[in-house]
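Enquirer: My questions will all concern the structure given below.
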Amino acid sequence: MPSTTTLSKPATTTERAAHFSQRAPFTSTVGKATMGSTVTAPQTPAQQPDHPLPESGLKTDSSADASMVVLDRISKLYRQGSCGLKDVSLTLPRGGFLFVTGPSGSGKTTLLKLLYGAERPSEGSITVNEQEIHGLKGDRLSRFRRQLGVVFQDYKLIPNRTVSENVAFALWAQGCKQADVARRLAPTLRLVGLQHKADCFPTQLSGGEQQRVSLARAIVGTPPLILADEPTGNLDPANSQQVIRILNKLNKMGATVVVTTHDLHLVKQSKHPVIQLKEGQLSWLRR
Ligand SMILES: Nc1ncnc2c1ncn2[C@@H]1O[C@H](COP(=O)(O)OP(=O)(O)OP(=O)(O)O)[C@@H](O)[C@H]1O
Ligand SMILES: [Mg+2]
């Protein structure tokens with residue numbers, strides 16, 4: 001980021017509320033050998049040079065449960081009657097990396113929304129990072145979301161804020177000092193290849209660039225759980241590889257990662273576990 005960049009802190013709680021990332025205690029234990037125990041980097045060379053992330057906020061807490069996510073017989077029926085998910089059970093260990101595939105309308109976004117508390121299940125229970133999230137609302141829900149980095153399918157960038165500010169908001173929301181914000185911002189923007197766009201507004205960016213801002217915002221606080229909804233949906237193959245490579249890197253640092261994608265080619269290039277959703281029902285493509 002150029003040294004001339006000025007950052008304006010978010011003025012409203014509404015703006016702050018859009019940003020979830022926060023460093024939080026993390027356990028590196030991998031509880032189930034079936035998921036996330038093997039980490040394989042993508043085969044294609046990265047488009048961007050490798051830049052170090054700022055010192056990780058991921059910490060080992062050996063007393064924590066081995067599971068990061070537990071979905072127990074979750075169903076989601078939307079008010080209009082459409083089915084989001086049907087009787088889905090899933091356990092994701094800390095440090096796991098899971099791909100979620102499936103056709104359009106099969107329930108991928110619904111699954112992630114349930115995990116970050118934007119939707120509530122019609123049936124079943126959800127535990128994330130040892131918290132039963134069903135009853136969370138208000139401040140408790142906001143605090144819970146600070147443990148997550150979310151890449152939204154529709155980006156959700158703040159239009160009247162620059163790239164730097166959009167990414168920095170994630171850190172301001174958790175009360176980071178300005179020096180810490182500056183320390184984390186530049187390497188994260190370099191990591192997603194957007195250091196030269198730091199002072200641009202979202203409308204001045206391509207769809208793929210906006211998608212990478214959304215990724216930068218999700219990872220800048222090195223959260224223990226990253227939920228990425230089609231993070232490569234608008235990217236060319238080289239940039240898609242780079243995004244998966246970045247998520248692999250965060251995963252190797254200890255983050256648990258869930259990625260939805262239509263791109264079976266990307267999925268095949270890794271050895272991570274893969275589930276498929278079809279009309280809301282889950283099956284394993286690779287464990
Ligand atoms: N807010 C909502 N109200 C009513 N129905 C919804 C809502 N959100 C999703 N649905 C329905 O739930 C089903 C699953 O939608 P979801 O967005 O989870 O699919 P998806 O797999 O993410 O699709 P895509 O690949 O197109 O993003 C679809 O039938 C959709 O129409
Ligand atoms: Mg979706």
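Residues in the structure tokens are named by chain (A, B, ... in the order shown) and by number from 1 within that chain; ligands are numbered from 1 in the order shown.
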Need to verify the contact set: Gln195 of chain A, 9 Å, only C-alpha atoms, exclusion of same-chain residues closer than 4 positions in sequence. Can you return it as a list in words?

Expert: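 Counting only C-alpha atoms, the residues come to Met1, Pro2, Ser164, Ala186, Pro187, Thr188, Leu189, Arg190, Leu191 and Asp199 of chain A.
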
Enquirer: Taking only C-alpha atoms and all ligand atoms and a cut-off of 12 Å, can you tell me which residues surround ligand 2, written as an MDAnalysis selection string?

Expert: chainID A and resid 84 100:113 151:155 228:231 233 259:262 277

Enquirer: Let's have the selection written as a PDB file, in the first residue's frame, with C-alpha atoms.

Expert:
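As written to disk, again-v4.pdb reads:
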ATOM      1  CA  GLY A  84     -32.165 -25.115   1.667  1.00  0.00           C
ATOM      2  CA  VAL A 100     -18.465 -28.009  -0.893  1.00  0.00           C
ATOM      3  CA  THR A 101     -19.700 -28.582  -4.441  1.00  0.00           C
ATOM      4  CA  GLY A 102     -23.125 -28.956  -5.989  1.00  0.00           C
ATOM      5  CA  PRO A 103     -25.329 -27.427  -8.664  1.00  0.00           C
ATOM      6  CA  SER A 104     -26.863 -23.985  -8.417  1.00  0.00           C
ATOM      7  CA  GLY A 105     -29.609 -23.935  -5.814  1.00  0.00           C
ATOM      8  CA  SER A 106     -28.357 -27.077  -4.065  1.00  0.00           C
ATOM      9  CA  GLY A 107     -27.781 -25.406  -0.683  1.00  0.00           C
ATOM     10  CA  LYS A 108     -24.093 -24.384  -0.619  1.00  0.00           C
ATOM     11  CA  THR A 109     -24.685 -20.773   0.438  1.00  0.00           C
ATOM     12  CA  THR A 110     -27.386 -21.909   2.835  1.00  0.00           C
ATOM     13  CA  LEU A 111     -24.840 -24.157   4.553  1.00  0.00           C
ATOM     14  CA  LEU A 112     -22.396 -21.266   5.012  1.00  0.00           C
ATOM     15  CA  LYS A 113     -25.133 -18.852   6.128  1.00  0.00           C
ATOM     16  CA  VAL A 151     -15.891 -14.389   1.683  1.00  0.00           C
ATOM     17  CA  PHE A 152     -19.394 -13.617   0.453  1.00  0.00           C
ATOM     18  CA  GLN A 153     -20.627 -14.841  -2.923  1.00  0.00           C
ATOM     19  CA  ASP A 154     -21.739 -11.268  -3.707  1.00  0.00           C
ATOM     20  CA  TYR A 155     -18.598  -9.697  -2.101  1.00  0.00           C
ATOM     21  CA  ALA A 228     -15.475 -18.799   1.418  1.00  0.00           C
ATOM     22  CA  ASP A 229     -18.558 -18.830  -0.816  1.00  0.00           C
ATOM     23  CA  GLU A 230     -17.462 -19.316  -4.443  1.00  0.00           C
ATOM     24  CA  PRO A 231     -14.237 -17.336  -3.860  1.00  0.00           C
ATOM     25  CA  GLY A 233     -16.413 -17.750  -9.123  1.00  0.00           C
ATOM     26  CA  VAL A 259     -14.848 -23.392   0.370  1.00  0.00           C
ATOM     27  CA  THR A 260     -17.872 -23.712  -1.901  1.00  0.00           C
ATOM     28  CA  THR A 261     -17.158 -24.018  -5.597  1.00  0.00           C
ATOM     29  CA  HIS A 262     -18.587 -25.122  -8.923  1.00  0.00           C
ATOM     30  CA  LEU A 277     -25.003 -31.024  -2.063  1.00  0.00           C
TER      31      LEU A 277
END

Enquirer: Quick one: residues within 8 Å of Ile219 of chain A, only C-alpha atoms counted, chain neighbours fewer than 6 positions away excluded, as a JSON list (two decimals) with N, CA and C atoms, in the first residue's frame?

Expert:
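Printed below is around_12.json as written:
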[["chain", "number", "residue", "atom", "x", "y", "z"],
["A", 21, "SER", "N", -14.05, -10.63, 10.83],
["A", 21, "SER", "CA", -12.80, -11.31, 11.14],
["A", 21, "SER", "C", -12.22, -10.88, 12.48],
["A", 149, "GLY", "N", -13.83, -15.51, 9.20],
["A", 149, "GLY", "CA", -13.57, -14.69, 8.03],
["A", 149, "GLY", "C", -14.50, -15.21, 6.94],
["A", 188, "THR", "N", -1.29, -8.24, 3.31],
["A", 188, "THR", "CA", -2.51, -8.94, 2.87],
["A", 188, "THR", "C", -2.89, -8.49, 1.47],
["A", 226, "ILE", "N", -12.47, -19.89, 8.29],
["A", 226, "ILE", "CA", -12.70, -19.12, 7.07],
["A", 226, "ILE", "C", -13.78, -19.82, 6.25],
["A", 250, "LEU", "N", -3.29, -20.34, 4.70],
["A", 250, "LEU", "CA", -3.98, -20.06, 5.98],
["A", 250, "LEU", "C", -4.28, -21.37, 6.70]]

Enquirer: Using only C-alpha atoms and all ligand atoms, find the one residue out of A:Asn248, A:Ser75, A:Asn129, A:Thr91 that sits nearest to ligand 1.

Expert: A:Ser75

Enquirer: To one decimal place, how far is atom 5 (N, counted along the ligand's line) of ligand 1 from atom CA of Lys76 of chain A in Å?

Expert: 9.6 Å

Enquirer: Return the single residue from A:Leu285, A:Cys83, A:Val88, A:Leu264 that is closest to ligand 1, with distances computed using only C-alpha atoms and all ligand atoms.

Expert: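 Closest residue, counting only C-alpha atoms and all ligand atoms: A:Cys83.
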
Enquirer: Under the rule that only C-alpha atoms and all ligand atoms are counted, which of A:Leu148, A:Arg286, A:Asp72, A:Lys278 is the nearest residue to ligand 1?

Expert: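 Using only C-alpha atoms and all ligand atoms, ligand 1 sits closest to A:Lys278.
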
Enquirer: If you run DSSP over the backbone, which residues in segment 109-246 of chain A end up strand (DSSP E or B)? Put them as a list in words.

Expert: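 Here are the strand (DSSP E or B) residues of segment 109-246 of chain A: Glu123, Gly124, Ser125, Ile126, Thr127, Val128, Gln131, Glu132, Leu148, Gly149, Val150, Val151, Leu225, Ile226, Leu227, Ala228 and Asp229 of chain A.
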
Enquirer: Those selected residues, please, written with C-alpha atoms and delivered as an mmCIF file, in the first residue's frame.

Expert:
data_model
loop_
_atom_site.group_PDB
_atom_site.id
_atom_site.type_symbol
_atom_site.label_atom_id
_atom_site.label_comp_id
_atom_site.auth_asym_id
_atom_site.auth_seq_id
_atom_site.Cartn_x
_atom_site.Cartn_y
_atom_site.Cartn_z
ATOM 1 C CA GLU A 123 -34.334 -28.420 12.621
ATOM 2 C CA GLY A 124 -31.122 -29.686 14.178
ATOM 3 C CA SER A 125 -28.241 -28.042 15.996
ATOM 4 C CA ILE A 126 -25.043 -26.296 14.905
ATOM 5 C CA THR A 127 -21.919 -25.948 17.006
ATOM 6 C CA VAL A 128 -19.080 -23.776 15.763
ATOM 7 C CA GLN A 131 -20.536 -22.522 20.630
ATOM 8 C CA GLU A 132 -24.081 -23.653 19.976
ATOM 9 C CA LEU A 148 -14.919 -15.966 11.292
ATOM 10 C CA GLY A 149 -13.569 -14.694 8.030
ATOM 11 C CA VAL A 150 -16.330 -14.776 5.434
ATOM 12 C CA VAL A 151 -15.891 -14.389 1.683
ATOM 13 C CA LEU A 225 -12.495 -20.323 10.675
ATOM 14 C CA ILE A 226 -12.700 -19.119 7.065
ATOM 15 C CA LEU A 227 -15.931 -19.597 5.108
ATOM 16 C CA ALA A 228 -15.475 -18.799 1.418
ATOM 17 C CA ASP A 229 -18.558 -18.830 -0.816
#

Enquirer: Here is a test: counting only C-alpha atoms, which residue of A:Ala118, A:Leu98, A:Leu235, A:Ile246 is nearest to Val274 of chain A?

Expert: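 Smallest distance to Val274 of chain A is found for A:Leu98.
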
Enquirer: Between A:Gln80, A:Ser142, A:Ser240, A:Gln281, which has the minimum distance to Leu215 of chain A (counting only C-alpha atoms)?

Expert: A:Ser240

Enquirer: Please, which residues of segment 110-258 of chain A, numbered as in this document, come out helix (DSSP H, G or I) from DSSP, as a ChimeraX atom specification?

Expert: /A:110-115,138-145,163-172,178-191,195-197,202-204,207-219,237-252

Enquirer: Of the candidates A:Met68, A:Leu92, A:Leu141, A:Ala198, which shows the shortest atom-to-atom distance to Pro224 of chain A, using only C-alpha atoms?

Expert: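 Closest candidate: A:Met68.
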
Enquirer: Between atom CA of Ser122 of chain A and atom CA of Leu77 of chain A, what is the spacing in Å?

Expert: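 A separation of 6.1 Å between them.
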
Enquirer: Skip Val181 of chain A itself and residues of its chain fewer than 6 positions away, then list as a PyMOL selection string all residues within 12 Å of it, counting only C-alpha atoms.

Expert: chain A and resi 1+7-9+54+164-175+187-188+217+220-221
